[in-house]
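Engineer: Here you go, this is run.cif (mmCIF, C-alpha atoms and all ligand atoms).
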```
data_target
#
loop_
_atom_site.group_PDB
_atom_site.id
_atom_site.type_symbol
_atom_site.label_atom_id
_atom_site.label_comp_id
_atom_site.auth_asym_id
_atom_site.auth_seq_id
_atom_site.Cartn_x
_atom_site.Cartn_y
_atom_site.Cartn_z
ATOM 1 C CA MET A 1 -5.406 29.184 15.027
ATOM 2 C CA PRO A 2 -8.161 26.585 14.789
ATOM 3 C CA PHE A 3 -6.241 24.714 12.080
ATOM 4 C CA GLU A 4 -2.902 22.950 11.732
ATOM 5 C CA PHE A 5 -1.511 23.086 8.200
ATOM 6 C CA LYS A 6 0.992 20.485 7.037
ATOM 7 C CA ARG A 7 2.744 20.672 3.692
ATOM 8 C CA LEU A 8 3.173 17.236 2.102
ATOM 9 C CA GLU A 9 6.082 15.888 0.014
ATOM 10 C CA ILE A 10 4.713 18.019 -2.803
ATOM 11 C CA PRO A 11 4.768 21.213 -0.757
ATOM 12 C CA ASN A 12 1.885 22.981 -2.500
ATOM 13 C CA VAL A 13 -0.440 20.193 -1.403
ATOM 14 C CA ILE A 14 -1.513 20.957 2.147
ATOM 15 C CA LEU A 15 -3.125 18.742 4.758
ATOM 16 C CA ILE A 16 -5.478 20.684 7.023
ATOM 17 C CA LYS A 17 -6.174 19.383 10.509
ATOM 18 C CA PRO A 18 -9.042 21.064 12.339
ATOM 19 C CA ARG A 19 -9.396 21.920 16.011
ATOM 20 C CA VAL A 20 -12.362 19.887 17.187
ATOM 21 C CA PHE A 21 -14.409 20.933 20.238
ATOM 22 C CA GLU A 22 -16.154 17.905 21.691
ATOM 23 C CA ASP A 23 -18.741 18.015 24.457
ATOM 24 C CA GLU A 24 -21.730 16.008 25.630
ATOM 25 C CA ARG A 25 -23.769 17.243 22.659
ATOM 26 C CA GLY A 26 -21.316 16.159 20.016
ATOM 27 C CA PHE A 27 -18.623 18.289 18.372
ATOM 28 C CA PHE A 28 -18.023 21.609 16.700
ATOM 29 C CA MET A 29 -15.267 22.595 14.297
ATOM 30 C CA GLU A 30 -14.532 25.296 11.799
ATOM 31 C CA THR A 31 -13.947 23.825 8.358
ATOM 32 C CA TYR A 32 -12.961 26.863 6.296
ATOM 33 C CA LYS A 33 -11.790 30.327 7.284
ATOM 34 C CA LYS A 34 -10.570 32.493 4.440
ATOM 35 C CA SER A 35 -8.215 34.575 6.634
ATOM 36 C CA ASP A 36 -6.365 31.587 8.135
ATOM 37 C CA PHE A 37 -6.283 29.632 4.886
ATOM 38 C CA GLU A 38 -4.888 32.604 2.955
ATOM 39 C CA LYS A 39 -2.052 33.058 5.472
ATOM 40 C CA THR A 40 -0.967 29.505 4.630
ATOM 41 C CA GLY A 41 -1.056 30.079 0.881
ATOM 42 C CA ILE A 42 -4.527 28.715 0.189
ATOM 43 C CA LYS A 43 -5.609 31.707 -1.807
ATOM 44 C CA GLY A 44 -8.480 32.118 -4.208
ATOM 45 C CA GLU A 45 -12.185 32.452 -4.067
ATOM 46 C CA PHE A 46 -13.979 29.178 -3.559
ATOM 47 C CA VAL A 47 -17.065 29.503 -5.755
ATOM 48 C CA GLN A 48 -18.536 25.989 -5.858
ATOM 49 C CA ASP A 49 -19.201 23.263 -3.261
ATOM 50 C CA ASN A 50 -19.791 19.618 -4.244
ATOM 51 C CA HIS A 51 -20.981 16.488 -2.453
ATOM 52 C CA SER A 52 -20.806 12.882 -3.630
ATOM 53 C CA ARG A 53 -21.596 9.524 -2.066
ATOM 54 C CA SER A 54 -19.860 6.323 -3.139
ATOM 55 C CA ARG A 55 -19.752 2.740 -1.988
ATOM 56 C CA TYR A 56 -16.810 0.575 -0.948
ATOM 57 C CA GLY A 57 -14.220 0.122 -3.675
ATOM 58 C CA VAL A 58 -15.360 3.045 -5.832
ATOM 59 C CA LEU A 59 -12.530 5.017 -7.371
ATOM 60 C CA ARG A 60 -13.319 8.462 -8.819
ATOM 61 C CA GLY A 61 -10.518 10.077 -10.794
ATOM 62 C CA LEU A 62 -8.035 11.155 -11.747
ATOM 63 C CA HIS A 63 -9.734 14.427 -12.614
ATOM 64 C CA PHE A 64 -8.923 18.052 -13.321
ATOM 65 C CA GLN A 65 -10.256 20.862 -15.471
ATOM 66 C CA ARG A 66 -8.112 22.375 -18.189
ATOM 67 C CA GLU A 67 -7.340 26.072 -18.488
ATOM 68 C CA PRO A 68 -9.014 28.530 -18.276
ATOM 69 C CA TYR A 69 -11.232 26.515 -15.906
ATOM 70 C CA ALA A 70 -8.547 24.933 -13.738
ATOM 71 C CA GLN A 71 -9.719 24.292 -10.189
ATOM 72 C CA ALA A 72 -8.077 24.194 -6.787
ATOM 73 C CA LYS A 73 -10.004 21.952 -4.408
ATOM 74 C CA ILE A 74 -10.375 21.492 -0.658
ATOM 75 C CA VAL A 75 -11.576 17.938 -0.067
ATOM 76 C CA ARG A 76 -12.904 16.116 3.006
ATOM 77 C CA ALA A 77 -14.864 12.998 3.890
ATOM 78 C CA ILE A 78 -17.886 13.734 6.071
ATOM 79 C CA ARG A 79 -18.823 10.043 6.174
ATOM 80 C CA GLY A 80 -16.552 7.025 5.889
ATOM 81 C CA VAL A 81 -12.927 6.746 4.866
ATOM 82 C CA ILE A 82 -11.183 7.572 1.582
ATOM 83 C CA TYR A 83 -7.673 7.265 0.172
ATOM 84 C CA ASP A 84 -7.243 10.651 -1.485
ATOM 85 C CA VAL A 85 -4.609 11.287 -4.152
ATOM 86 C CA ALA A 86 -3.164 14.332 -5.925
ATOM 87 C CA VAL A 87 -0.878 14.096 -8.975
ATOM 88 C CA ASP A 88 1.332 17.026 -9.992
ATOM 89 C CA LEU A 89 0.664 17.982 -13.654
ATOM 90 C CA ARG A 90 2.722 21.186 -13.674
ATOM 91 C CA ARG A 91 5.407 20.661 -16.313
ATOM 92 C CA ASP A 92 7.900 23.073 -14.702
ATOM 93 C CA SER A 93 7.529 21.531 -11.276
ATOM 94 C CA PRO A 94 10.369 19.447 -9.780
ATOM 95 C CA THR A 95 7.642 17.007 -8.716
ATOM 96 C CA PHE A 96 5.920 16.764 -12.144
ATOM 97 C CA GLY A 97 4.219 13.350 -12.445
ATOM 98 C CA LYS A 98 4.639 12.594 -8.742
ATOM 99 C CA TRP A 99 1.723 11.778 -6.467
ATOM 100 C CA VAL A 100 0.848 12.130 -2.797
ATOM 101 C CA SER A 101 -1.891 10.387 -0.842
ATOM 102 C CA VAL A 102 -3.609 10.816 2.503
ATOM 103 C CA ILE A 103 -6.420 9.147 4.392
ATOM 104 C CA LEU A 104 -9.361 11.483 4.880
ATOM 105 C CA SER A 105 -12.138 10.260 7.126
ATOM 106 C CA GLU A 106 -15.098 11.241 9.217
ATOM 107 C CA HIS A 107 -12.893 10.278 12.177
ATOM 108 C CA ASN A 108 -9.742 12.334 11.516
ATOM 109 C CA LYS A 109 -11.732 15.180 9.915
ATOM 110 C CA TYR A 110 -8.708 16.150 7.826
ATOM 111 C CA GLN A 111 -9.026 18.115 4.610
ATOM 112 C CA LEU A 112 -6.679 18.138 1.635
ATOM 113 C CA TYR A 113 -5.922 21.292 -0.319
ATOM 114 C CA ILE A 114 -5.054 20.479 -3.936
ATOM 115 C CA PRO A 115 -3.925 23.498 -5.977
ATOM 116 C CA ARG A 116 -4.664 24.157 -9.633
ATOM 117 C CA GLY A 117 -2.393 22.112 -11.890
ATOM 118 C CA PHE A 118 -3.049 18.783 -10.162
ATOM 119 C CA ALA A 119 -5.193 15.766 -10.981
ATOM 120 C CA HIS A 120 -7.307 14.455 -8.110
ATOM 121 C CA GLY A 121 -8.875 11.114 -7.310
ATOM 122 C CA PHE A 122 -10.029 9.023 -4.381
ATOM 123 C CA LEU A 123 -10.807 5.440 -3.463
ATOM 124 C CA VAL A 124 -13.461 4.518 -0.906
ATOM 125 C CA LEU A 125 -12.228 2.249 1.906
ATOM 126 C CA SER A 126 -15.394 2.160 4.045
ATOM 127 C CA ASP A 127 -18.845 0.683 3.257
ATOM 128 C CA VAL A 128 -19.989 4.140 2.153
ATOM 129 C CA ALA A 129 -18.215 7.476 1.897
ATOM 130 C CA GLU A 130 -19.576 10.941 1.424
ATOM 131 C CA VAL A 131 -17.076 13.441 0.147
ATOM 132 C CA VAL A 132 -17.547 17.191 0.039
ATOM 133 C CA TYR A 133 -15.203 19.657 -1.552
ATOM 134 C CA LYS A 134 -14.865 23.284 -2.404
ATOM 135 C CA ALA A 135 -13.570 24.454 -5.780
ATOM 136 C CA ASP A 136 -12.197 27.830 -6.802
ATOM 137 C CA ASN A 137 -13.622 27.658 -10.314
ATOM 138 C CA VAL A 138 -16.969 26.522 -11.661
ATOM 139 C CA TYR A 139 -17.723 23.219 -13.351
ATOM 140 C CA ALA A 140 -17.043 23.482 -17.101
ATOM 141 C CA PRO A 141 -17.861 20.139 -18.747
ATOM 142 C CA SER A 142 -16.080 20.908 -22.026
ATOM 143 C CA TYR A 143 -12.840 21.525 -20.142
ATOM 144 C CA GLU A 144 -12.857 18.270 -18.169
ATOM 145 C CA GLY A 145 -9.577 16.423 -18.186
ATOM 146 C CA GLY A 146 -8.382 13.198 -16.673
ATOM 147 C CA ILE A 147 -5.513 10.775 -16.364
ATOM 148 C CA LEU A 148 -5.828 7.001 -16.187
ATOM 149 C CA TRP A 149 -6.028 6.002 -12.505
ATOM 150 C CA ASN A 150 -3.625 3.072 -12.932
ATOM 151 C CA ASP A 151 -1.103 4.623 -15.345
ATOM 152 C CA PRO A 152 1.999 2.527 -14.548
ATOM 153 C CA GLU A 153 4.297 5.487 -15.166
ATOM 154 C CA ILE A 154 2.646 7.372 -12.299
ATOM 155 C CA GLY A 155 2.425 4.201 -10.208
ATOM 156 C CA ILE A 156 -0.086 5.173 -7.553
ATOM 157 C CA ASP A 157 -0.137 2.590 -4.788
ATOM 158 C CA TRP A 158 -3.936 2.151 -4.559
ATOM 159 C CA PRO A 159 -4.891 0.009 -1.538
ATOM 160 C CA ILE A 160 -7.518 -2.013 -3.508
ATOM 161 C CA ASP A 161 -6.470 -3.892 -6.662
ATOM 162 C CA ASP A 162 -9.783 -4.031 -8.490
ATOM 163 C CA PRO A 163 -11.713 -0.818 -7.802
ATOM 164 C CA ILE A 164 -15.100 0.133 -9.261
ATOM 165 C CA VAL A 165 -14.325 2.694 -11.962
ATOM 166 C CA SER A 166 -16.788 4.519 -14.229
ATOM 167 C CA GLU A 167 -16.779 3.948 -17.988
ATOM 168 C CA LYS A 168 -15.530 7.520 -18.416
ATOM 169 C CA ASP A 169 -12.685 7.077 -15.949
ATOM 170 C CA ARG A 170 -11.508 3.890 -17.697
ATOM 171 C CA LYS A 171 -10.874 5.859 -20.890
ATOM 172 C CA TRP A 172 -8.686 8.731 -19.734
ATOM 173 C CA PRO A 173 -5.223 9.003 -21.334
ATOM 174 C CA THR A 174 -2.012 8.095 -19.583
ATOM 175 C CA LEU A 175 0.190 10.945 -18.396
ATOM 176 C CA ARG A 176 2.387 10.542 -21.490
ATOM 177 C CA GLU A 177 -0.673 10.770 -23.777
ATOM 178 C CA ALA A 178 -2.008 13.725 -21.795
ATOM 179 C CA ILE A 179 1.275 15.581 -22.346
ATOM 180 C CA GLU A 180 0.889 15.019 -26.097
ATOM 181 C CA LYS A 181 -2.665 16.365 -25.960
ATOM 182 C CA GLY A 182 -1.394 19.520 -24.232
ATOM 183 C CA TRP A 183 -3.385 18.658 -21.113
ATOM 184 C CA THR A 184 -0.656 19.428 -18.601
ATOM 185 C CA PHE A 185 -0.189 22.800 -16.920
HETATM 186 C C1 LIG B 1 -17.848 17.461 -11.208
HETATM 187 C C2 LIG B 1 -19.284 17.819 -11.601
HETATM 188 C C3 LIG B 1 -20.130 16.901 -12.169
HETATM 189 N N1 LIG B 1 -21.389 17.234 -12.526
HETATM 190 C C4 LIG B 1 -22.262 16.206 -13.150
HETATM 191 C C5 LIG B 1 -21.717 15.636 -14.446
HETATM 192 C C6 LIG B 1 -22.157 14.193 -14.426
HETATM 193 O O1 LIG B 1 -23.415 14.035 -15.055
HETATM 194 C C7 LIG B 1 -22.330 13.855 -12.955
HETATM 195 C C8 LIG B 1 -21.217 12.973 -12.429
HETATM 196 O O2 LIG B 1 -19.971 13.556 -12.797
HETATM 197 P P1 LIG B 1 -18.611 12.775 -12.625
HETATM 198 O O3 LIG B 1 -18.781 11.367 -12.998
HETATM 199 O O4 LIG B 1 -17.549 13.568 -13.341
HETATM 200 O O5 LIG B 1 -18.399 12.900 -11.043
HETATM 201 P P2 LIG B 1 -17.112 12.537 -10.204
HETATM 202 O O6 LIG B 1 -16.461 11.337 -10.788
HETATM 203 O O7 LIG B 1 -17.494 12.470 -8.780
HETATM 204 O O8 LIG B 1 -16.186 13.805 -10.467
HETATM 205 C C9 LIG B 1 -15.441 14.384 -9.423
HETATM 206 O O9 LIG B 1 -14.353 13.517 -9.117
HETATM 207 C C10 LIG B 1 -13.442 14.003 -8.145
HETATM 208 C C11 LIG B 1 -12.309 13.004 -8.025
HETATM 209 C C12 LIG B 1 -12.994 15.390 -8.410
HETATM 210 O O10 LIG B 1 -11.846 15.771 -8.181
HETATM 211 C C13 LIG B 1 -14.057 16.334 -8.843
HETATM 212 O O11 LIG B 1 -13.495 17.565 -9.281
HETATM 213 C C14 LIG B 1 -14.940 15.756 -9.896
HETATM 214 O O12 LIG B 1 -14.203 15.624 -11.105
HETATM 215 O O13 LIG B 1 -22.340 15.110 -12.262
HETATM 216 C C15 LIG B 1 -21.882 18.485 -12.315
HETATM 217 O O14 LIG B 1 -23.053 18.799 -12.635
HETATM 218 N N2 LIG B 1 -21.075 19.421 -11.709
HETATM 219 C C16 LIG B 1 -19.797 19.134 -11.346
HETATM 220 O O15 LIG B 1 -19.078 20.022 -10.794
#
```
Taking this structure as input, can you express it in the form of structure tokens?
Ligand SMILES: Cc1cn([C@H]2C[C@H](O)[C@@H](COP(=O)(O)OP(=O)(O)O[C@H]3O[C@@H](C)C(=O)[C@@H](O)[C@H]3O)O2)c(=O)[nH]c1=O

Structural biologist:
Amino acid sequence: MPFEFKRLEIPNVILIKPRVFEDERGFFMETYKKSDFEKTGIKGEFVQDNHSRSRYGVLRGLHFQREPYAQAKIVRAIRGVIYDVAVDLRRDSPTFGKWVSVILSEHNKYQLYIPRGFAHGFLVLSDVAEVVYKADNVYAPSYEGGILWNDPEIGIDWPIDDPIVSEKDRKWPTLREAIEKGWTF
């Protein structure tokens, strides 16, 4: 198989390591193959691809879409280095409120699969980072949800203390407030 799949401490979150073929021209790798991904539990039809560029210290997140527009995502950095985070928002999960993080970079070429029911965010650790990701549901602005990136109850160990955060991302509720709003899964 051209991929190695590694389940993280929250087992539904899966790190995907590609097989990279390097030669004098450069490299080649497969980045998504429905048949192999489905065998590992990454099911669903990925219907939207996104691409963003951010500078050093930018933190985007923590985002999700509420039902019926929940999204699973497959995230990678095609330029630069990011600290990528997923937070479990599934109330019945033994890991509800817990988070996992990985480094995704143009160098390691790893991807992170984040199922529906999670919030997602990342922090840029290089001068510039370009992030691309697939989603298994379309963008639905009225169903956007978010959790405050530095909610102390979640306690994500972000590697930069004072990140650049959008106005919108500074106003998301804490996990406790999100539960009250019925924003969990
Ligand atoms: C996410 C999204 C945004 N937009 C528009 C809305 C807005 O005007 C502009 C920028 O949107 P945002 O500020 O929400 O972009 P951004 O902060 O990059 O949002 C993304 O963050 C990461 C962490 C995720 O997990 C993604 O799912 C997505 O929520 O792009 C779309 O047209 N389609 C989309 O799918």

Engineer: Could you check which residues have any atom within 7 Å of (-10.3, 11.6, 3.9), counting all atoms listed in the file with coordinates taken straight from the file, and then list them as a PyMOL selection string?

Structural biologist: chain A and resi 76-77+81-84+102-105+110-111

Engineer: Just to be explicit: take each residue in the selection above, keep C-alpha atoms, and write the result as a PDB file, in the coordinates of the input.

Structural biologist:
```
ATOM      1  CA  ARG A  76     -12.904  16.116   3.006  1.00  0.00           C
ATOM      2  CA  ALA A  77     -14.864  12.998   3.890  1.00  0.00           C
ATOM      3  CA  VAL A  81     -12.927   6.746   4.866  1.00  0.00           C
ATOM      4  CA  ILE A  82     -11.183   7.572   1.582  1.00  0.00           C
ATOM      5  CA  TYR A  83      -7.673   7.265   0.172  1.00  0.00           C
ATOM      6  CA  ASP A  84      -7.243  10.651  -1.485  1.00  0.00           C
ATOM      7  CA  VAL A 102      -3.609  10.816   2.503  1.00  0.00           C
ATOM      8  CA  ILE A 103      -6.420   9.147   4.392  1.00  0.00           C
ATOM      9  CA  LEU A 104      -9.361  11.483   4.880  1.00  0.00           C
ATOM     10  CA  SER A 105     -12.138  10.260   7.126  1.00  0.00           C
ATOM     11  CA  TYR A 110      -8.708  16.150   7.826  1.00  0.00           C
ATOM     12  CA  GLN A 111      -9.026  18.115   4.610  1.00  0.00           C
TER      13      GLN A 111
END
```

Engineer: Run the PyMOL selection byres (((not hetatm)) within 7 of (chain B and resi 1)) on the file and write out the hits as a VMD selection string.

Structural biologist: chain A and resid 50 52 60 to 64 120 to 122 138 to 139

Engineer: Name all residues at most 9 Å from region 168-175 of chain A (count all atoms listed in the file; drop same-chain ones fewer than 4 positions away) and give them as a PyMOL selection string.

Structural biologist: chain A and resi 59-63+89+97+145-154+179-180+183-184

Engineer: Write the selection just made, keeping C-alpha atoms, as an mmCIF file, in the coordinates of the input?

Structural biologist:
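Printed below is part37.cif as written:
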```cif
data_model
loop_
_atom_site.group_PDB
_atom_site.id
_atom_site.type_symbol
_atom_site.label_atom_id
_atom_site.label_comp_id
_atom_site.auth_asym_id
_atom_site.auth_seq_id
_atom_site.Cartn_x
_atom_site.Cartn_y
_atom_site.Cartn_z
ATOM 1 C CA LEU A 59 -12.530 5.017 -7.371
ATOM 2 C CA ARG A 60 -13.319 8.462 -8.819
ATOM 3 C CA GLY A 61 -10.518 10.077 -10.794
ATOM 4 C CA LEU A 62 -8.035 11.155 -11.747
ATOM 5 C CA HIS A 63 -9.734 14.427 -12.614
ATOM 6 C CA LEU A 89 0.664 17.982 -13.654
ATOM 7 C CA GLY A 97 4.219 13.350 -12.445
ATOM 8 C CA GLY A 145 -9.577 16.423 -18.186
ATOM 9 C CA GLY A 146 -8.382 13.198 -16.673
ATOM 10 C CA ILE A 147 -5.513 10.775 -16.364
ATOM 11 C CA LEU A 148 -5.828 7.001 -16.187
ATOM 12 C CA TRP A 149 -6.028 6.002 -12.505
ATOM 13 C CA ASN A 150 -3.625 3.072 -12.932
ATOM 14 C CA ASP A 151 -1.103 4.623 -15.345
ATOM 15 C CA PRO A 152 1.999 2.527 -14.548
ATOM 16 C CA GLU A 153 4.297 5.487 -15.166
ATOM 17 C CA ILE A 154 2.646 7.372 -12.299
ATOM 18 C CA ILE A 179 1.275 15.581 -22.346
ATOM 19 C CA GLU A 180 0.889 15.019 -26.097
ATOM 20 C CA TRP A 183 -3.385 18.658 -21.113
ATOM 21 C CA THR A 184 -0.656 19.428 -18.601
#
```

Engineer: Find the residues around Ser101 (chain A) up to 12 Å (only C-alpha atoms counted), leave out those fewer than 2 positions away in its own chain, and share them as a count of residues only.

Structural biologist: 30

Engineer: By how many Å are CA of Phe5 (chain A) and CA of Glu30 (chain A) apart?

Structural biologist: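 Interatomic distance here is 13.7 Å.
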
Engineer: Written as JSON, numbers by chain, which residues does the PyMOL selection byres (((chain A and resi 115) around 8) and not hetatm) give for the file shown?

Structural biologist: {"A": [12, 13, 71, 72, 73, 113, 114, 116, 117, 118]}

Engineer: Could you list as a PyMOL selection string every residue that has an atom within 7 Å of (-14.4, 1.4, -10.4), using the file's coordinates and counting all atoms listed in the file?

Structural biologist: chain A and resi 57-59+163-166

Engineer: Can you write just those residues out, C-alpha atoms, as a PDB file, in the frame of the given file?

Structural biologist:
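Produced file out.pdb, reproduced below:
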```pdb
ATOM      1  CA  GLY A  57     -14.220   0.122  -3.675  1.00  0.00           C
ATOM      2  CA  VAL A  58     -15.360   3.045  -5.832  1.00  0.00           C
ATOM      3  CA  LEU A  59     -12.530   5.017  -7.371  1.00  0.00           C
ATOM      4  CA  PRO A 163     -11.713  -0.818  -7.802  1.00  0.00           C
ATOM      5  CA  ILE A 164     -15.100   0.133  -9.261  1.00  0.00           C
ATOM      6  CA  VAL A 165     -14.325   2.694 -11.962  1.00  0.00           C
ATOM      7  CA  SER A 166     -16.788   4.519 -14.229  1.00  0.00           C
TER       8      SER A 166
END
```

Engineer: What is the CA of His107 (chain A)-CA of Ala129 (chain A) distance in Å, reported with one decimal?

Structural biologist: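 One can read the CA of His107 (chain A) to CA of Ala129 (chain A) distance as 11.9 Å.
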
Engineer: Report the residues retrieved by the PyMOL selection byres (((chain A and resi 17-27) around 6) and not hetatm) from the displayed file, expressed as a VMD selection string.

Structural biologist: chain A and resid 2 to 4 16 28 to 29 110

Engineer: Generate a file of the selected residues that holds C-alpha atoms, formatted as a PDB file, keeping the file's coordinate frame.

Structural biologist:
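Final output, saved to out_7.pdb:
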```pdb
ATOM      1  CA  PRO A   2      -8.161  26.585  14.789  1.00  0.00           C
ATOM      2  CA  PHE A   3      -6.241  24.714  12.080  1.00  0.00           C
ATOM      3  CA  GLU A   4      -2.902  22.950  11.732  1.00  0.00           C
ATOM      4  CA  ILE A  16      -5.478  20.684   7.023  1.00  0.00           C
ATOM      5  CA  PHE A  28     -18.023  21.609  16.700  1.00  0.00           C
ATOM      6  CA  MET A  29     -15.267  22.595  14.297  1.00  0.00           C
ATOM      7  CA  TYR A 110      -8.708  16.150   7.826  1.00  0.00           C
TER       8      TYR A 110
END
```

Engineer: Return as lines of an AutoDock Vina configuration file the centre and edge lengths, in Å with one decimal, of the box along x, y and z that encloses every atom of region 92-108 of chain A in the file, padded by 6 Å per side.

Structural biologist:
```
center_x = -2.4
center_y = 16.1
center_z = -1.3
size_x = 37.5
size_y = 25.9
size_z = 38.9
```

Engineer: Could you state the separation of CA of Val128 (chain A) and CA of Glu167 (chain A) in Å, given to one decimal place?

Structural biologist: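 About the pair CA of Val128 (chain A) and CA of Glu167 (chain A): they are 20.4 Å apart.
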
Engineer: Determine, counting all atoms listed in the file, which protein, DNA and RNA residues have an atom within 7 Å of an atom of Tyr69 (chain A); residues of the same chain fewer than 6 positions away are not included. Present the result as a PDB file with C-alpha atoms, in the coordinates of the input.

Structural biologist:
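For reference, around.pdb as written:
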```pdb
ATOM      1  CA  ASN A 137     -13.622  27.658 -10.314  1.00  0.00           C
ATOM      2  CA  ALA A 140     -17.043  23.482 -17.101  1.00  0.00           C
ATOM      3  CA  TYR A 143     -12.840  21.525 -20.142  1.00  0.00           C
TER       4      TYR A 143
END
```

Engineer: Once N, CA and C atoms are restored for region 32-45 of chain A, what would the output be as a compact mmCIF listing (two decimals), keeping the file's coordinate frame?

Structural biologist:
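Below is the file result-v7.txt, written as the result:
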```txt
# COMPACT_ATOMS: atom_id res chain seq x y z
N TYR A 32 -13.60 25.96 7.27
CA TYR A 32 -12.96 26.86 6.30
C TYR A 32 -13.00 28.26 6.87
N LYS A 33 -11.86 28.93 6.85
CA LYS A 33 -11.79 30.33 7.28
C LYS A 33 -10.81 31.01 6.36
N LYS A 34 -11.36 31.85 5.50
CA LYS A 34 -10.57 32.49 4.44
C LYS A 34 -9.28 33.11 4.99
N SER A 35 -9.39 33.85 6.11
CA SER A 35 -8.22 34.58 6.63
C SER A 35 -7.09 33.60 7.01
N ASP A 36 -7.40 32.55 7.72
CA ASP A 36 -6.36 31.59 8.14
C ASP A 36 -5.83 30.81 6.93
N PHE A 37 -6.71 30.41 6.04
CA PHE A 37 -6.28 29.63 4.89
C PHE A 37 -5.36 30.47 4.00
N GLU A 38 -5.70 31.74 3.83
CA GLU A 38 -4.89 32.60 2.96
C GLU A 38 -3.49 32.80 3.51
N LYS A 39 -3.37 32.90 4.84
CA LYS A 39 -2.05 33.06 5.47
C LYS A 39 -1.15 31.87 5.15
N THR A 40 -1.74 30.72 4.90
CA THR A 40 -0.97 29.50 4.63
C THR A 40 -0.76 29.28 3.13
N GLY A 41 -1.28 30.20 2.33
CA GLY A 41 -1.06 30.08 0.88
C GLY A 41 -2.23 29.49 0.14
N ILE A 42 -3.34 29.24 0.86
CA ILE A 42 -4.53 28.72 0.19
C ILE A 42 -5.38 29.91 -0.22
N LYS A 43 -4.96 30.47 -1.36
CA LYS A 43 -5.61 31.71 -1.81
C LYS A 43 -6.68 31.36 -2.82
N GLY A 44 -7.46 32.35 -3.19
CA GLY A 44 -8.48 32.12 -4.21
C GLY A 44 -9.86 32.17 -3.60
N GLU A 45 -10.80 32.36 -4.51
CA GLU A 45 -12.18 32.45 -4.07
C GLU A 45 -12.86 31.13 -4.38
```
